[in-house]
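What follows is my_file16.txt (compact mmCIF, C-alpha atoms and all ligand atoms).
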# COMPACT_ATOMS: atom_id res chain seq x y z
CA MET A 1 23.72 6.02 -3.43
CA THR A 2 25.49 4.95 -6.56
CA PRO A 3 24.13 3.64 -9.89
CA ARG A 4 23.53 -0.12 -9.88
CA GLU A 5 23.37 -2.16 -13.08
CA ILE A 6 20.36 -4.44 -13.51
CA VAL A 7 21.45 -5.64 -16.95
CA PRO A 8 24.00 -3.97 -19.24
CA GLY A 9 22.59 -0.57 -20.16
CA VAL A 10 19.84 -0.57 -17.53
CA PHE A 11 20.67 1.08 -14.22
CA ALA A 12 18.93 1.94 -10.97
CA VAL A 13 19.81 5.61 -10.44
CA GLY A 14 17.32 6.67 -7.75
CA ALA A 15 17.78 7.69 -4.13
CA ILE A 16 17.48 6.01 -0.75
CA ASP A 17 15.71 7.98 1.97
CA TRP A 18 16.96 6.29 5.13
CA ASP A 19 15.37 8.83 7.46
CA ARG A 20 11.85 9.27 6.11
CA ARG A 21 9.45 8.34 8.86
CA ILE A 22 6.08 9.46 7.49
CA PHE A 23 4.51 9.53 4.06
CA ASP A 24 1.63 11.72 2.90
CA GLU A 25 1.74 13.09 6.47
CA LEU A 26 -0.23 9.96 7.32
CA ILE A 27 1.59 6.69 6.84
CA PRO A 28 4.46 5.76 9.16
CA THR A 29 7.55 4.51 7.31
CA PRO A 30 9.61 2.91 10.10
CA ASP A 31 12.09 1.44 7.61
CA GLY A 32 12.58 4.56 5.47
CA THR A 33 11.99 4.26 1.74
CA SER A 34 13.57 4.78 -1.65
CA TYR A 35 12.53 6.69 -4.76
CA ASN A 36 13.61 4.47 -7.61
CA SER A 37 14.49 5.88 -10.97
CA TYR A 38 15.89 3.82 -13.82
CA LEU A 39 18.15 4.79 -16.72
CA LEU A 40 17.81 2.82 -19.94
CA ARG A 41 20.39 3.19 -22.67
CA GLY A 42 19.29 2.09 -26.12
CA SER A 43 21.42 2.09 -29.27
CA GLU A 44 19.74 5.34 -30.37
CA LYS A 45 17.94 6.92 -27.44
CA THR A 46 18.24 7.18 -23.68
CA ALA A 47 15.26 7.09 -21.34
CA LEU A 48 14.79 7.73 -17.65
CA ILE A 49 11.87 5.96 -15.99
CA ASP A 50 10.44 8.18 -13.23
CA THR A 51 12.48 10.64 -11.19
CA VAL A 52 12.79 11.06 -7.43
CA ASP A 53 11.27 13.07 -4.63
CA PRO A 54 12.50 16.67 -5.07
CA SER A 55 14.32 16.47 -1.73
CA LYS A 56 16.63 13.88 -3.35
CA PHE A 57 17.16 15.52 -6.73
CA ALA A 58 20.90 15.92 -6.07
CA ASP A 59 21.24 12.15 -5.53
CA LEU A 60 19.65 11.47 -8.91
CA THR A 61 21.83 13.94 -10.78
CA ALA A 62 24.96 12.66 -9.02
CA ASN A 63 24.13 9.16 -10.24
CA LEU A 64 23.55 10.37 -13.78
CA ASP A 65 26.85 12.24 -13.67
CA ARG A 66 28.62 9.11 -12.46
CA LEU A 67 27.31 7.34 -15.55
CA GLY A 68 28.33 10.27 -17.79
CA VAL A 69 24.77 10.90 -18.95
CA ASP A 70 24.85 14.14 -20.95
CA LYS A 71 21.63 13.60 -22.88
CA ILE A 72 18.24 12.14 -21.98
CA ASP A 73 15.68 11.82 -24.76
CA TYR A 74 12.68 10.61 -22.81
CA ILE A 75 11.56 10.89 -19.20
CA ILE A 76 8.86 8.28 -18.71
CA ALA A 77 6.35 9.40 -16.09
CA ASN A 78 4.59 6.28 -14.86
CA HIS A 79 2.80 8.21 -12.11
CA ALA A 80 2.22 11.88 -11.33
CA GLU A 81 2.56 11.69 -7.55
CA GLN A 82 5.37 14.00 -6.52
CA ASP A 83 7.63 11.39 -4.91
CA HIS A 84 8.27 10.21 -8.49
CA SER A 85 7.39 13.17 -10.66
CA GLY A 86 8.52 16.02 -8.43
CA SER A 87 11.99 16.23 -9.97
CA ILE A 88 10.72 16.27 -13.57
CA PRO A 89 10.68 20.07 -13.89
CA ALA A 90 14.30 20.30 -12.75
CA MET A 91 15.27 17.41 -15.03
CA LEU A 92 13.67 19.17 -17.99
CA GLY A 93 15.83 22.18 -17.16
CA ARG A 94 18.94 20.05 -16.92
CA TYR A 95 18.23 18.15 -20.15
CA PRO A 96 16.61 20.71 -22.48
CA GLY A 97 16.09 18.18 -25.30
CA ALA A 98 14.20 15.72 -23.09
CA LYS A 99 10.49 15.04 -23.53
CA VAL A 100 8.20 13.61 -20.90
CA VAL A 101 6.37 10.50 -22.12
CA THR A 102 3.14 9.63 -20.38
CA ASN A 103 -0.59 9.14 -20.79
CA GLN A 104 -3.19 11.89 -21.13
CA LYS A 105 -4.42 11.73 -17.54
CA CYS A 106 -0.91 11.79 -16.12
CA ARG A 107 0.00 14.68 -18.41
CA ASP A 108 -2.95 16.66 -17.07
CA PHE A 109 -1.82 16.02 -13.49
CA LEU A 110 1.76 17.01 -14.32
CA VAL A 111 0.53 20.25 -15.87
CA ASP A 112 -1.70 20.99 -12.87
CA LEU A 113 0.60 19.85 -10.07
CA LEU A 114 4.02 20.76 -11.45
CA GLN A 115 3.20 23.25 -14.19
CA ILE A 116 5.12 21.26 -16.77
CA PRO A 117 4.74 22.86 -20.24
CA GLN A 118 2.42 20.80 -22.41
CA ASP A 119 4.79 21.02 -25.37
CA ARG A 120 7.40 19.07 -23.42
CA VAL A 121 5.06 16.07 -23.14
CA ILE A 122 4.48 13.21 -25.59
CA VAL A 123 1.13 11.53 -24.89
CA ILE A 124 0.90 7.78 -25.43
CA SER A 125 -1.97 5.29 -25.28
CA ASP A 126 -2.34 1.93 -23.58
CA GLY A 127 -0.20 -0.67 -25.37
CA ASP A 128 1.86 1.88 -27.29
CA THR A 129 5.55 1.24 -27.75
CA LEU A 130 8.51 3.55 -27.97
CA THR A 131 11.82 2.46 -29.46
CA LEU A 132 15.21 3.33 -28.04
CA GLY A 133 16.88 1.55 -30.99
CA ASP A 134 17.72 -1.92 -29.77
CA ARG A 135 15.33 -1.61 -26.85
CA THR A 136 11.58 -1.08 -26.77
CA LEU A 137 9.38 0.38 -24.11
CA GLU A 138 5.81 -0.87 -23.89
CA PHE A 139 3.30 1.10 -21.85
CA ILE A 140 0.68 -0.77 -19.85
CA PHE A 141 -2.04 1.37 -18.30
CA ALA A 142 -2.79 0.40 -14.70
CA PRO A 143 -5.29 2.92 -13.38
CA TRP A 144 -6.10 2.91 -9.66
CA VAL A 145 -2.91 1.43 -8.38
CA HIS A 146 -4.03 4.23 -6.14
CA TRP A 147 -4.22 7.18 -8.53
CA PRO A 148 -6.25 7.08 -11.74
CA GLU A 149 -3.36 7.78 -14.13
CA THR A 150 -0.75 5.20 -13.21
CA MET A 151 0.93 3.11 -15.87
CA LEU A 152 3.65 0.47 -15.97
CA THR A 153 6.50 0.27 -18.44
CA TYR A 154 7.71 -3.06 -19.81
CA LEU A 155 11.04 -3.69 -21.46
CA PRO A 156 10.50 -6.88 -23.48
CA GLU A 157 14.11 -7.39 -24.65
CA ASP A 158 15.24 -7.73 -21.02
CA ARG A 159 11.86 -8.89 -19.58
CA ILE A 160 11.92 -6.13 -16.98
CA LEU A 161 8.70 -4.62 -15.66
CA PHE A 162 8.99 -1.12 -14.22
CA SER A 163 5.94 -1.34 -12.02
CA CYS A 164 5.87 2.05 -10.32
CA ASP A 165 4.12 1.89 -6.91
CA LEU A 166 2.69 -1.55 -7.72
CA PHE A 167 4.68 -4.25 -5.86
CA GLY A 168 6.66 -1.56 -4.02
CA SER A 169 7.72 -1.36 -0.40
CA HIS A 170 8.76 1.45 1.87
CA TYR A 171 12.05 -0.19 2.75
CA ALA A 172 15.44 1.46 2.59
CA THR A 173 18.20 -1.01 1.81
CA SER A 174 21.61 -0.76 0.25
CA THR A 175 21.02 -3.93 -1.75
CA LEU A 176 19.61 -3.62 -5.25
CA TYR A 177 17.62 -6.85 -5.03
CA VAL A 178 15.34 -8.12 -2.26
CA PRO A 179 17.71 -8.93 0.62
CA ASP A 180 15.30 -11.20 2.49
CA GLU A 181 11.90 -12.23 1.13
CA ALA A 182 10.37 -12.70 4.59
CA VAL A 183 11.25 -9.13 5.55
CA ILE A 184 10.16 -7.58 2.27
CA TYR A 185 6.92 -9.59 2.36
CA GLU A 186 5.90 -7.75 5.53
CA SER A 187 6.98 -4.39 4.18
CA ALA A 188 5.24 -4.88 0.82
CA LYS A 189 2.08 -6.10 2.55
CA ARG A 190 2.01 -3.03 4.72
CA TYR A 191 2.50 -0.83 1.65
CA TYR A 192 -0.28 -2.65 -0.21
CA ALA A 193 -2.56 -2.19 2.80
CA GLU A 194 -1.89 1.50 3.12
CA ILE A 195 -2.39 2.62 -0.44
CA MET A 196 -3.68 -0.17 -2.70
CA MET A 197 -6.16 -2.14 -0.64
CA PRO A 198 -9.06 0.22 -1.50
CA PHE A 199 -8.48 -0.65 -5.17
CA ARG A 200 -8.27 -4.43 -4.75
CA SER A 201 -10.41 -5.24 -7.78
CA SER A 202 -8.39 -2.94 -10.08
CA ILE A 203 -5.16 -4.51 -8.89
CA LYS A 204 -6.56 -7.97 -9.48
CA ALA A 205 -7.29 -6.97 -13.09
CA HIS A 206 -3.76 -5.61 -13.50
CA LEU A 207 -2.33 -8.90 -12.26
CA ALA A 208 -4.40 -10.76 -14.83
CA LYS A 209 -3.16 -8.42 -17.55
CA LEU A 210 0.45 -9.05 -16.55
CA ALA A 211 0.05 -12.83 -16.55
CA ALA A 212 0.54 -12.93 -20.32
CA ARG A 213 3.99 -11.35 -20.13
CA GLU A 214 7.30 -12.96 -19.41
CA ILE A 215 8.79 -11.09 -16.49
CA ALA A 216 12.28 -11.83 -15.22
CA VAL A 217 12.68 -8.74 -13.04
CA ILE A 218 10.22 -6.36 -11.39
CA ALA A 219 11.67 -2.92 -10.73
CA PRO A 220 9.22 -0.94 -8.57
CA SER A 221 9.47 2.72 -7.64
CA HIS A 222 9.93 2.05 -3.90
CA GLY A 223 12.05 -0.57 -2.18
CA PRO A 224 14.29 -3.27 -3.61
CA VAL A 225 14.05 -4.85 -7.07
CA TYR A 226 12.59 -8.35 -7.39
CA ASP A 227 14.73 -10.91 -9.22
CA ARG A 228 12.15 -13.55 -8.33
CA PRO A 229 8.91 -11.90 -9.49
CA ALA A 230 6.78 -14.91 -8.56
CA PHE A 231 7.40 -14.10 -4.89
CA ILE A 232 5.67 -10.74 -4.98
CA MET A 233 3.10 -11.62 -7.65
CA ASP A 234 1.94 -14.63 -5.63
CA ALA A 235 1.71 -12.47 -2.53
CA TYR A 236 -0.41 -9.92 -4.42
CA ARG A 237 -2.69 -12.67 -5.76
CA ASP A 238 -3.24 -13.77 -2.19
CA TRP A 239 -3.89 -10.27 -0.80
CA THR A 240 -6.23 -9.28 -3.62
CA GLY A 241 -8.03 -12.64 -3.66
CA ASP A 242 -11.26 -13.23 -1.80
CA ASP A 243 -9.93 -15.58 0.87
CA VAL A 244 -9.73 -14.34 4.43
CA ARG A 245 -7.97 -15.85 7.43
CA ASN A 246 -9.16 -17.10 10.79
CA VAL A 247 -8.14 -13.85 12.46
CA VAL A 248 -9.91 -11.20 14.53
CA VAL A 249 -8.36 -7.74 14.43
CA LEU A 250 -9.21 -5.88 17.62
CA PRO A 251 -8.40 -2.15 17.60
CA PHE A 252 -9.33 -0.57 20.91
CA VAL A 253 -8.96 2.27 23.38
CA SER A 254 -9.66 2.05 27.09
CA MET A 255 -9.88 5.16 29.27
CA HIS A 256 -10.43 3.74 32.77
CA GLY A 257 -9.93 0.00 32.39
CA SER A 258 -13.47 -1.26 31.64
CA THR A 259 -12.93 -1.72 27.92
CA GLN A 260 -9.44 -3.08 28.63
CA ALA A 261 -10.94 -5.76 30.91
CA MET A 262 -13.38 -6.69 28.14
CA VAL A 263 -10.60 -6.80 25.54
CA ASP A 264 -8.48 -9.03 27.79
CA HIS A 265 -11.35 -11.44 28.44
CA PHE A 266 -12.44 -11.48 24.81
CA THR A 267 -8.87 -12.06 23.56
CA THR A 268 -8.56 -15.08 25.83
CA ALA A 269 -11.99 -16.37 24.77
CA LEU A 270 -11.01 -16.23 21.10
CA ILE A 271 -7.70 -18.00 21.75
CA GLN A 272 -9.55 -20.71 23.67
CA ARG A 273 -11.80 -21.21 20.65
CA GLY A 274 -8.95 -21.55 18.16
CA VAL A 275 -9.47 -18.11 16.63
CA GLN A 276 -6.37 -15.98 16.15
CA VAL A 277 -6.65 -12.49 17.56
CA HIS A 278 -4.56 -9.38 17.13
CA PRO A 279 -5.39 -6.59 19.61
CA PHE A 280 -4.14 -3.09 18.74
CA ASN A 281 -4.14 -0.54 21.54
CA LEU A 282 -4.73 2.56 19.42
CA THR A 283 -2.94 4.82 21.88
CA LYS A 284 0.26 2.94 21.16
CA THR A 285 -0.10 1.25 17.78
CA ASP A 286 1.49 2.09 14.46
CA ILE A 287 -1.48 2.62 12.15
CA GLY A 288 0.43 0.90 9.31
CA GLU A 289 0.59 -2.31 11.34
CA LEU A 290 -3.16 -2.13 11.87
CA ALA A 291 -3.72 -1.60 8.13
CA LYS A 292 -1.51 -4.60 7.36
CA ALA A 293 -3.44 -6.81 9.78
CA LEU A 294 -6.67 -5.82 8.04
CA VAL A 295 -5.50 -7.15 4.64
CA ASP A 296 -6.76 -10.66 5.21
CA ALA A 297 -8.48 -10.83 8.62
CA ALA A 298 -11.98 -12.35 8.54
CA THR A 299 -13.32 -10.21 11.39
CA VAL A 300 -12.85 -6.81 13.00
CA VAL A 301 -14.07 -6.12 16.51
CA ILE A 302 -13.73 -2.53 17.67
CA GLY A 303 -13.29 -1.85 21.38
CA THR A 304 -14.17 1.60 22.67
CA PRO A 305 -15.44 3.48 25.68
CA THR A 306 -18.06 6.16 25.20
CA LEU A 307 -16.62 9.63 25.43
CA ILE A 308 -19.40 12.16 26.13
CA PHE A 309 -21.92 10.51 23.78
CA GLY A 310 -19.89 8.67 21.11
CA PRO A 311 -16.80 6.55 20.41
CA HIS A 312 -13.38 7.68 21.58
CA PRO A 313 -11.84 9.99 18.91
CA GLN A 314 -8.88 7.66 18.35
CA VAL A 315 -11.33 4.88 17.59
CA VAL A 316 -13.18 7.22 15.22
CA TYR A 317 -9.90 7.86 13.41
CA ALA A 318 -9.14 4.14 13.09
CA ALA A 319 -12.69 3.34 11.94
CA TYR A 320 -12.58 6.15 9.37
CA LEU A 321 -9.27 4.87 8.06
CA ALA A 322 -10.46 1.25 7.94
CA ASN A 323 -13.55 2.35 6.02
CA LEU A 324 -11.35 4.19 3.51
CA LEU A 325 -8.94 1.27 3.13
CA ARG A 326 -11.85 -1.10 2.55
CA PRO A 327 -10.40 -4.45 3.57
CA LYS A 328 -12.11 -7.68 2.53
CA THR A 329 -13.19 -8.30 6.14
CA ARG A 330 -16.47 -10.23 6.36
CA TYR A 331 -17.68 -9.75 9.94
CA ALA A 332 -17.60 -6.89 12.42
CA SER A 333 -18.68 -6.17 15.96
CA VAL A 334 -18.18 -3.69 18.77
CA ILE A 335 -17.34 -4.18 22.43
CA GLY A 336 -16.94 -1.58 25.16
CA SER A 337 -18.40 0.32 28.00
CA TYR A 338 -20.33 3.52 28.66
CA GLY A 339 -21.08 5.60 31.73
CA TRP A 340 -24.43 7.18 31.08
CA GLY A 341 -25.53 6.54 27.49
CA GLY A 342 -24.76 7.64 23.97
CA LYS A 343 -24.88 6.22 20.47
CA THR A 344 -21.44 4.68 20.20
CA VAL A 345 -22.40 1.45 18.44
CA ASP A 346 -24.69 3.18 15.93
CA THR A 347 -22.07 5.81 15.21
CA LEU A 348 -19.38 3.20 14.53
CA ALA A 349 -21.69 1.01 12.43
CA SER A 350 -22.57 4.00 10.25
CA MET A 351 -18.89 4.77 9.79
CA LEU A 352 -18.19 1.40 8.17
CA ASP A 353 -20.55 1.85 5.25
CA ARG A 354 -17.91 1.02 2.61
CA LEU A 355 -17.16 -2.37 4.16
CA LYS A 356 -19.29 -5.28 3.11
CA VAL A 357 -19.46 -6.73 6.59
CA GLU A 358 -22.07 -8.62 8.53
CA LEU A 359 -22.50 -7.01 11.95
CA ILE A 360 -22.44 -9.53 14.79
CA GLU A 361 -24.38 -8.55 17.95
CA PRO A 362 -22.16 -6.10 19.91
CA VAL A 363 -21.43 -6.34 23.62
CA TYR A 364 -21.81 -2.80 24.88
CA ILE A 365 -22.24 -2.49 28.62
CA LYS A 366 -22.67 0.05 31.42
CA GLY A 367 -19.65 0.49 33.68
CA TYR A 368 -17.10 -2.17 34.58
CA PRO A 369 -17.94 -5.65 33.20
CA ARG A 370 -19.76 -8.09 35.48
CA GLU A 371 -20.11 -11.85 35.22
CA GLY A 372 -22.99 -11.60 32.76
CA ASP A 373 -20.97 -9.27 30.53
CA PHE A 374 -18.04 -11.67 30.38
CA ALA A 375 -20.53 -14.40 29.45
CA ALA A 376 -21.79 -12.16 26.64
CA LEU A 377 -18.21 -11.79 25.40
CA ASP A 378 -17.88 -15.57 25.44
CA ARG A 379 -21.04 -15.78 23.32
CA LEU A 380 -19.58 -13.25 20.88
CA ALA A 381 -16.42 -15.35 20.62
CA ASP A 382 -18.64 -18.42 20.01
CA ALA A 383 -20.53 -16.56 17.29
CA ILE A 384 -17.32 -15.51 15.56
CA ARG A 385 -15.92 -19.03 15.74
CA LYS A 386 -19.17 -20.32 14.20
CA LYS A 387 -19.10 -17.72 11.41
CA HIS A 388 -15.51 -18.64 10.61
CA GLU A 389 -16.42 -22.32 10.55
CA GLU A 390 -19.44 -21.78 8.33
CA ALA A 391 -17.30 -19.76 5.92
CA GLY A 392 -14.79 -22.61 5.76
CA ILE A 393 -12.04 -20.48 7.26
CA ILE A 394 -11.44 -23.06 10.01
CA PRO A 395 -12.52 -26.67 9.96
CA SER A 396 -15.60 -27.37 12.11
FE1 LIG A 401 5.12 6.43 -4.64
FE2 LIG A 401 1.90 6.98 -5.46
O1 LIG A 401 3.67 7.43 -5.20
Kindly return the structure encoded in the file as structure tokens.
Amino acid sequence: MTPREIVPGVFAVGAIDWDRRIFDELIPTPDGTSYNSYLLRGSEKTALIDTVDPSKFADLTANLDRLGVDKIDYIIANHAEQDHSGSIPAMLGRYPGAKVVTNQKCRDFLVDLLQIPQDRVIVISDGDTLTLGDRTLEFIFAPWVHWPETMLTYLPEDRILFSCDLFGSHYATSTLYVPDEAVIYESAKRYYAEIMMPFRSSIKAHLAKLAAREIAVIAPSHGPVYDRPAFIMDAYRDWTGDDVRNVVVLPFVSMHGSTQAMVDHFTTALIQRGVQVHPFNLTKTDIGELAKALVDAATVVIGTPTLIFGPHPQVVYAAYLANLLRPKTRYASVIGSYGWGGKTVDTLASMLDRLKVELIEPVYIKGYPREGDFAALDRLADAIRKKHEEAGIIPS
């Protein structure tokens, strides 16, 4: 990578990670990612906003060398997670006069996680400002953008918001700005689903807080920079809002074809009733795509066989994850087949305790589905269609 100028004196100096394919050992990143770091030159002081993942430290220092940066006064730590903070210790070694500027909670994490000396940290409060001479940094606390310590940094003179993970995307691109809004929409939605969806109400409050500010550019810590902030802010308002769509998300596993036959019939029944459906075969699916589909789907129906006496372990994994991610889904049900018994439906229902969903009568049958079972699936599709109609999601 090479430094890219956003406005005179403000540069993107981070690193692109073209090859990263998993994050947190959990989240697939099929399009790679970037760790964005920004250099701000004021008339008196120089600041660096966030650093990069330690694996890319050399890229950051190469960019700073290209710009001839021999002194950094402040390293702003918007977030303590190591993909942004992990290079701070090495940066403090490289720039011995630099101080880390962050909030109390973030400082405590940096001390615990990276053993940064407390005397190298300046602690600021929400709304505090820091002057660089002809430029000012304003700190906006935004807790639970997935960690409790996250903050944003606003540069009023240039109307740039350095938003950290908020509005980010795991998308490696050589362009500084969003290359294609339709592509980045999908990537940003997936990113929102994977890490921010559980904190929907906090994010909503952050959006309201930002509404009062003039923002010309949003510079997140992953993915390209937004020169049309309304694009991503509108998308976030939609994702964090209460509206859901006329969609059934159908994650499933089938061991011997019975559940598959039910899924196939049920998918067709929903289509025939004007309800969109998105089946995810969990043995093949990318879990990030499933998370993205959950952002605004009205209904989740889980399809599973019974293995020994409970749901298939891959279904358990997906249900556990969905419960953690806490989508705004309103209705849920279960379909599937068992051989000799078990408590599959009860087990799954108890696993979704964090979701505020209404459980619609499951269709859980013995063996391969018969005529009466297909009719029960049709009735489930009818019930879902009716629920969606009553909720105003589709016109009656
Ligand atoms: Fe990109 Fe929460 O770190």
Next on the checklist: Which residues are near ligand LIG 401 (chain A) - at most 7 Å, using only C-alpha atoms and all ligand atoms? Format: as a ChimeraX atom specification.
Outcome noted: /A:79,81-84,146-147,165,221-222
Produce a file of the selected residues containing C-alpha atoms, as a compact mmCIF listing (two decimals), in the coordinates of the input.
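Dumped to result15.txt:
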# COMPACT_ATOMS: atom_id res chain seq x y z
CA HIS A 79 2.80 8.21 -12.11
CA GLU A 81 2.56 11.69 -7.55
CA GLN A 82 5.37 14.00 -6.52
CA ASP A 83 7.63 11.39 -4.91
CA HIS A 84 8.27 10.21 -8.49
CA HIS A 146 -4.03 4.23 -6.14
CA TRP A 147 -4.22 7.18 -8.53
CA ASP A 165 4.12 1.89 -6.91
CA SER A 221 9.47 2.72 -7.64
CA HIS A 222 9.93 2.05 -3.90
Item to check | Counting all atoms listed in the file, the residue of A:His278, A:His256, A:Arg379, A:Arg273 that sits nearest A:Ser337 | outcome: A:His256
Checklist entry - With distances taken over all atoms listed in the file, which of A:Ala188, A:Val345, A:Ile72, A:Val101 is nearest to A:Met151? => result A:Val101
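Near A:Ser333, within 7 Å and counting only C-alpha atoms, sit Val300, Val301, Ile302, Leu359, Ile360, Glu361 and Pro362 of chain A; same-chain residues fewer than 5 positions away were not included.
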Non-local contacts of A:Pro54 (12 Å; only C-alpha atoms; under 6 positions in same chain excluded) as a PDB file with C-alpha atoms, in the frame of the given file:
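Generated file (result.pdb):
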ATOM      1  CA  GLY A  14      17.320   6.670  -7.750  1.00  0.00           C
ATOM      2  CA  ALA A  15      17.780   7.690  -4.130  1.00  0.00           C
ATOM      3  CA  ASP A  17      15.710   7.980   1.970  1.00  0.00           C
ATOM      4  CA  TYR A  35      12.530   6.690  -4.760  1.00  0.00           C
ATOM      5  CA  LEU A  60      19.650  11.470  -8.910  1.00  0.00           C
ATOM      6  CA  THR A  61      21.830  13.940 -10.780  1.00  0.00           C
ATOM      7  CA  GLU A  81       2.560  11.690  -7.550  1.00  0.00           C
ATOM      8  CA  GLN A  82       5.370  14.000  -6.520  1.00  0.00           C
ATOM      9  CA  ASP A  83       7.630  11.390  -4.910  1.00  0.00           C
ATOM     10  CA  HIS A  84       8.270  10.210  -8.490  1.00  0.00           C
ATOM     11  CA  SER A  85       7.390  13.170 -10.660  1.00  0.00           C
ATOM     12  CA  GLY A  86       8.520  16.020  -8.430  1.00  0.00           C
ATOM     13  CA  SER A  87      11.990  16.230  -9.970  1.00  0.00           C
ATOM     14  CA  ILE A  88      10.720  16.270 -13.570  1.00  0.00           C
ATOM     15  CA  PRO A  89      10.680  20.070 -13.890  1.00  0.00           C
ATOM     16  CA  ALA A  90      14.300  20.300 -12.750  1.00  0.00           C
ATOM     17  CA  MET A  91      15.270  17.410 -15.030  1.00  0.00           C
ATOM     18  CA  LEU A 114       4.020  20.760 -11.450  1.00  0.00           C
TER      19      LEU A 114
END
Kindly complete stretch 267-272 of chain A to all heavy atoms; the output should be written as a JSON list (two decimals), in the frame of the given file.
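Below is the file out.json, written as the result:
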[["chain", "number", "residue", "atom", "x", "y", "z"],
["A", 267, "THR", "N", -10.07, -11.52, 24.22],
["A", 267, "THR", "CA", -8.87, -12.06, 23.56],
["A", 267, "THR", "C", -8.64, -13.50, 24.00],
["A", 267, "THR", "O", -8.41, -14.40, 23.18],
["A", 267, "THR", "CB", -7.65, -11.17, 23.92],
["A", 267, "THR", "OG1", -7.89, -9.86, 23.42],
["A", 267, "THR", "CG2", -6.36, -11.71, 23.32],
["A", 268, "THR", "N", -8.74, -13.72, 25.31],
["A", 268, "THR", "CA", -8.56, -15.08, 25.83],
["A", 268, "THR", "C", -9.64, -16.01, 25.29],
["A", 268, "THR", "O", -9.36, -17.15, 24.90],
["A", 268, "THR", "CB", -8.62, -15.05, 27.39],
["A", 268, "THR", "OG1", -7.61, -14.16, 27.84],
["A", 268, "THR", "CG2", -8.41, -16.42, 27.99],
["A", 269, "ALA", "N", -10.87, -15.53, 25.25],
["A", 269, "ALA", "CA", -11.99, -16.37, 24.77],
["A", 269, "ALA", "C", -11.77, -16.79, 23.32],
["A", 269, "ALA", "O", -12.04, -17.94, 22.95],
["A", 269, "ALA", "CB", -13.30, -15.60, 24.92],
["A", 270, "LEU", "N", -11.27, -15.88, 22.51],
["A", 270, "LEU", "CA", -11.01, -16.23, 21.10],
["A", 270, "LEU", "C", -9.89, -17.25, 21.00],
["A", 270, "LEU", "O", -9.99, -18.24, 20.24],
["A", 270, "LEU", "CB", -10.66, -14.97, 20.30],
["A", 270, "LEU", "CG", -11.83, -14.02, 20.04],
["A", 270, "LEU", "CD1", -11.33, -12.68, 19.50],
["A", 270, "LEU", "CD2", -12.84, -14.63, 19.05],
["A", 271, "ILE", "N", -8.83, -17.04, 21.78],
["A", 271, "ILE", "CA", -7.70, -18.00, 21.75],
["A", 271, "ILE", "C", -8.20, -19.38, 22.15],
["A", 271, "ILE", "O", -7.86, -20.39, 21.53],
["A", 271, "ILE", "CB", -6.56, -17.51, 22.67],
["A", 271, "ILE", "CG1", -5.94, -16.21, 22.13],
["A", 271, "ILE", "CG2", -5.47, -18.59, 22.82],
["A", 271, "ILE", "CD1", -4.99, -15.51, 23.09],
["A", 272, "GLN", "N", -9.03, -19.42, 23.20],
["A", 272, "GLN", "CA", -9.55, -20.71, 23.67],
["A", 272, "GLN", "C", -10.40, -21.41, 22.61],
["A", 272, "GLN", "O", -10.54, -22.63, 22.62],
["A", 272, "GLN", "CB", -10.39, -20.50, 24.94],
["A", 272, "GLN", "CG", -9.54, -20.18, 26.16],
["A", 272, "GLN", "CD", -10.37, -19.72, 27.35],
["A", 272, "GLN", "OE1", -11.52, -19.28, 27.19],
["A", 272, "GLN", "NE2", -9.78, -19.78, 28.53]]
